[in-house]
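K.L.:
Dropping the structure in here first, questions after.
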Amino acid sequence: GPAVDVVDTEADARAPEAEDAAPPAEVPEAPAPEGPPLPSEHPAASYTLHVNGVDRPVTDAWIGESLLYVLRERLGLAGAKDGCSQGECGACNVQVDGRLVASCLVPAATTAGSEVRTVEGLAVDGEPSDVQRALADCGAVQCGFCIPGMAMTVHDLLEGNHRPSELETRRALCGNLCRCSGYRGVLDAVNEVIAGREAAAEETGSGEPEEPRIPHQAGPGAGSVQAHQQDGGMA
Ligand code: FES
Ligand code: FES
């Protein structure tokens, strides 16, 4: 249109003149530094994580990197998924010293010296765990993105509570979002695992394999960065 033509013409007319008139660039001298150098805004750290029973050194990592980032990008353990990076979806769930955490919210350096267990560590003798098999058998896996986090949550639930009610299972799973609406399959999978473990225990006559521990999984909504003021996180 005409407006564009006018602008173009003026720009063309000015451009050579501006180049001719440009003074030689001068680099201003940097002010001499005074006192000791300020600490870097991105301090690096080297530390060793203990992941699935193996020492995994991490070198020159930014001190603020999340456990999720370090697992995936530095250690090649891509099982934990980055669904939201803010503690809302559960796709990144791992255990740190037996406690379920959203690894996207945990600075990796703070877990040096702890036992980190990821979905890669659930397999038994190279075979998927009973929970992983049940999730597949019960049709819980659609796109699969949420499943590593679901598997970690279900393992964590059943470690603390060998026979959760459906309500207890739903509460444990309420921090795991599935965009494919696969929750029914996960509930069925939990029941299948409970039945399978009880049958195995009866076969060996060992009854309860161990004394139930005090459940340690976080309460509903506890992984959230936003406080659920209106319901105290218990809705
Ligand atoms: S990626 Fe950590 S909770 Fe969503
Ligand atoms: S199976 Fe797709 S997000 Fe759960």
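FYI, nothing fancy with the structure tokens labels: chains A, B, ... in order, residues from 1 per chain, ligands from 1 as they appear.
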For the contact check between segment 107-217 of chain A and segment 51-62 of chain A, emit one row per residue of segment 107-217 of chain A within 9 Å, containing the shortest atom pair and the distance in Å rounded to one decimal, counting only C-alpha atoms, chain then rising number order, as JSON lines.
P.N.:
{"residue": "A:Ala109", "atom": "CA", "partner": "A:Ala61", "partner_atom": "CA", "distance": 8.9}
{"residue": "A:Ser114", "atom": "CA", "partner": "A:Val51", "partner_atom": "CA", "distance": 8.6}
{"residue": "A:Glu115", "atom": "CA", "partner": "A:Val51", "partner_atom": "CA", "distance": 6.3}
{"residue": "A:Val116", "atom": "CA", "partner": "A:Val51", "partner_atom": "CA", "distance": 4.7}
{"residue": "A:Arg117", "atom": "CA", "partner": "A:Asn52", "partner_atom": "CA", "distance": 5.0}
{"residue": "A:Thr118", "atom": "CA", "partner": "A:Asn52", "partner_atom": "CA", "distance": 6.7}
{"residue": "A:Glu120", "atom": "CA", "partner": "A:Asn52", "partner_atom": "CA", "distance": 7.6}
{"residue": "A:Gly121", "atom": "CA", "partner": "A:Asn52", "partner_atom": "CA", "distance": 5.1}
{"residue": "A:Leu122", "atom": "CA", "partner": "A:Asn52", "partner_atom": "CA", "distance": 8.6}
K.L.:
Could you name the residues that touch Ser165 of chain A at 12 Å or less, counting only C-alpha atoms, but leaving out those on the same chain fewer than 6 positions away, as a list in words?
P.N.:
Leu157, Leu158, Arg171, Ala172, Leu187, Asp188, Val190, Asn191 and Ile194 of chain A
K.L.:
Return as a PyMOL selection string the residues of protein, DNA or RNA that approach ligand 2 to within 12 Å, with only C-alpha atoms and all ligand atoms taken into account.
P.N.:
chain A and resi 81-83+89-91+135-136+138-151+173+176-186
K.L.:
Considering only C-alpha atoms and all ligand atoms, state which residue in the set A:Glu88, A:Asp156, A:Asp137, A:Asp125 is at the smallest distance from ligand 1.
P.N.:
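Of A:Glu88, A:Asp156, A:Asp137, A:Asp125, the one nearest ligand 1, counting only C-alpha atoms and all ligand atoms, is A:Glu88.
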K.L.:
For the atom pair atom CA of His42 of chain A and atom CA of Ala108 of chain A, what is the interatomic distance in Å to one decimal place?
P.N.:
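Interatomic distance here is 14.7 Å.
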K.L.:
Ranking A:Cys174, A:Ala112, A:Leu100, A:Cys92 by minimum distance to His155 of chain A and counting only C-alpha atoms, which one comes first?
P.N.:
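The closest residue to His155 of chain A is A:Leu100.
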K.L.:
Based on the backbone DSSP call, show me all residues of segment 10-166 of chain A assigned helix (DSSP H, G or I), as an MDAnalysis selection string.
P.N.:
chainID A and resid 10:21 67:74 103:105 108:111 119:121 130:137 147:160 166
K.L.:
Mind listing the strand (DSSP E or B) residues of segment 65-205 of chain A, per DSSP on the backbone, as a list in words?
P.N.:
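Residues of segment 65-205 of chain A classed as strand (DSSP E or B): Ser66, Asn93, Val94, Gln95, Val96, Arg99, Leu100, Val101, Ala102, Pro107, Glu115, Val116, Arg117, Val124 and Glu127 of chain A.
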K.L.:
Could you write out that same residue set with N, CA and C atoms as a compact mmCIF listing (two decimals), in the first residue's frame?
P.N.:
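What ended up in result.txt:
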# COMPACT_ATOMS: atom_id res chain seq x y z
N SER A 66 17.13 -29.15 38.63
CA SER A 66 16.22 -30.06 39.33
C SER A 66 16.70 -31.50 39.18
N ASN A 93 7.46 -38.26 39.12
CA ASN A 93 7.61 -38.83 40.46
C ASN A 93 8.75 -39.84 40.55
N VAL A 94 9.56 -39.70 41.59
CA VAL A 94 10.59 -40.68 41.93
C VAL A 94 10.58 -40.79 43.46
N GLN A 95 11.32 -41.75 43.97
CA GLN A 95 11.47 -41.85 45.42
C GLN A 95 12.86 -41.35 45.82
N VAL A 96 12.90 -40.57 46.89
CA VAL A 96 14.16 -40.16 47.50
C VAL A 96 14.13 -40.66 48.93
N ARG A 99 10.78 -41.91 49.91
CA ARG A 99 9.65 -40.97 49.96
C ARG A 99 9.36 -40.49 48.54
N LEU A 100 8.08 -40.53 48.18
CA LEU A 100 7.68 -40.11 46.84
C LEU A 100 7.81 -38.59 46.71
N VAL A 101 8.52 -38.14 45.68
CA VAL A 101 8.66 -36.70 45.46
C VAL A 101 8.43 -36.39 43.99
N ALA A 102 8.04 -35.14 43.74
CA ALA A 102 8.00 -34.63 42.37
C ALA A 102 9.41 -34.16 42.06
N PRO A 107 15.86 -29.75 44.02
CA PRO A 107 17.20 -29.49 43.46
C PRO A 107 18.04 -30.76 43.57
N GLU A 115 19.20 -42.11 48.67
CA GLU A 115 18.88 -43.18 47.73
C GLU A 115 17.79 -42.66 46.80
N VAL A 116 18.11 -42.55 45.52
CA VAL A 116 17.11 -42.12 44.54
C VAL A 116 16.65 -43.36 43.78
N ARG A 117 15.34 -43.54 43.69
CA ARG A 117 14.81 -44.67 42.94
C ARG A 117 13.88 -44.14 41.86
N VAL A 124 12.46 -56.11 38.18
CA VAL A 124 13.03 -57.18 39.01
C VAL A 124 13.66 -58.19 38.07
N GLU A 127 12.94 -57.84 34.47
CA GLU A 127 11.55 -57.93 34.03
C GLU A 127 10.76 -56.78 34.66
K.L.:
Which residue, A:His50, A:Arg197, A:Arg133, A:Arg72, has the smallest gap to ligand 1 when you use only C-alpha atoms and all ligand atoms?
P.N.:
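Comparing A:His50, A:Arg197, A:Arg133, A:Arg72 against ligand 1, the winner is A:Arg72.
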K.L.:
What is the distance, in Å and to one decimal place, between atom CA of Ala189 of chain A and atom CA of Gln132 of chain A?
P.N.:
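Answer for the atom CA of Ala189 of chain A to atom CA of Gln132 of chain A separation: 8.7 Å.
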K.L.:
Return the single residue from A:Ala200, A:Ala123, A:Ala80, A:Leu167 that is closest to ligand 1, with distances computed using only C-alpha atoms and all ligand atoms.
P.N.:
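Checking each candidate against ligand 1, we get A:Ala80 as the closest.
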